[in-house]
Amino acid sequence: MKILFKYFLPVAFIFCVATSCEYDFVEPVAIEPGTEISFKNDVIPIFNNSCNSSGCHGAGDFDPVLTPESAYQNLMSLSQVDTANPEESVLYRSITTGSMQEYASPTDTEIILTWIEQGAENN
């Protein structure tokens with residue numbers, strides 16, 4: 001009986017703890033080379049899903065305003081996008097290592113980076 005308490009219970013406890021951990025790793029969707037990223041069709045939906053809610057980057061809230069009608073102008077006028085150094089863009093850094101990281105999926109960050117690399121056009 002002593003052996004049961006001395007060896008089995010600690011091992012059972014460790015097993016329970018180790019198997020109860022979950023990780024939500026989301027594999028980013030690879031963007032095919034040559035795929036054109038559209039601001040309207042690809043980037044705006046990311047902003048609509050993650051950024052435009054009340055109290056965030058909707059109209060009258062925090063800059064940059066990322067509503068469909070204002071997003072492009074705000075990103076450009078507030079120097080949030082750097083097409084010469086896409087990975088140094090304020091927009092990209094904020095969703096990969098900054099305060100907005102928890103709101104962007106790996107796929108979202110890949111889409112936004114590719115859009116910036118392609119010249120950040122208002123298309």
# chains A, B, ... in the order shown; residues from 1 in each chain; ligands from 1
>>> select_by_dssp(residues="stretch 15-120 of chain A", states="alpha helix (DSSP H)", output="PyMOL selection string")
chain A and resi 15-20+44-50+71-77+90-96+106-117
>>> write_last_selection(atoms="C-alpha atoms", output="CSV table (one decimal), in the first residue's frame")
chain,number,residue,atom,x,y,z
A,15,PHE,CA,0.0,12.2,-16.1
A,16,CYS,CA,-3.3,14.1,-15.4
A,17,VAL,CA,-1.6,17.5,-15.4
A,18,ALA,CA,0.4,16.7,-18.6
A,19,THR,CA,-2.5,15.4,-20.6
A,20,SER,CA,-4.9,18.2,-19.5
A,44,ILE,CA,-10.9,45.0,-44.8
A,45,PRO,CA,-12.5,41.7,-43.7
A,46,ILE,CA,-9.7,41.2,-41.1
A,47,PHE,CA,-10.4,44.7,-39.7
A,48,ASN,CA,-14.1,44.1,-39.7
A,49,ASN,CA,-13.7,40.8,-37.8
A,50,SER,CA,-11.1,42.0,-35.3
A,71,ALA,CA,-9.2,52.5,-43.1
A,72,TYR,CA,-6.9,53.1,-46.1
A,73,GLN,CA,-6.8,56.9,-45.6
A,74,ASN,CA,-6.1,56.6,-41.9
A,75,LEU,CA,-3.4,53.9,-42.3
A,76,MET,CA,-1.6,56.1,-44.9
A,77,SER,CA,-2.0,59.5,-43.2
A,90,VAL,CA,3.6,50.0,-37.5
A,91,LEU,CA,0.5,48.0,-38.6
A,92,TYR,CA,2.4,44.8,-39.0
A,93,ARG,CA,4.5,45.2,-35.8
A,94,SER,CA,1.4,45.9,-33.8
A,95,ILE,CA,-0.3,42.6,-34.9
A,96,THR,CA,2.8,40.4,-34.6
A,106,PRO,CA,-1.2,33.9,-38.2
A,107,THR,CA,-3.2,33.9,-41.5
A,108,ASP,CA,-4.3,37.5,-40.8
A,109,THR,CA,-0.7,38.7,-40.3
A,110,GLU,CA,0.4,36.9,-43.4
A,111,ILE,CA,-2.3,38.6,-45.5
A,112,ILE,CA,-1.4,42.0,-44.1
A,113,LEU,CA,2.3,41.5,-44.6
A,114,THR,CA,1.8,40.3,-48.2
A,115,TRP,CA,-0.5,43.3,-48.9
A,116,ILE,CA,2.2,45.7,-47.7
A,117,GLU,CA,4.9,43.9,-49.6
>>> closest_residue(among="A:Ser54, A:Pro86, A:Thr35, A:Lys40", to="A:Glu69", atoms="only C-alpha atoms")
A:Lys40
>>> atom_distance(atom1="atom CA of A:Ser99", atom2="atom CA of A:Ser38")
24.9 Å
>>> atom_distance(atom1="atom CA of A:Glu88", atom2="atom CA of A:Val65")
20.1 Å
>>> closest_residue(among="A:Ser53, A:Gln118, A:Ser70, A:Gln101", to="A:Ala84", atoms="only C-alpha atoms")
A:Gln118
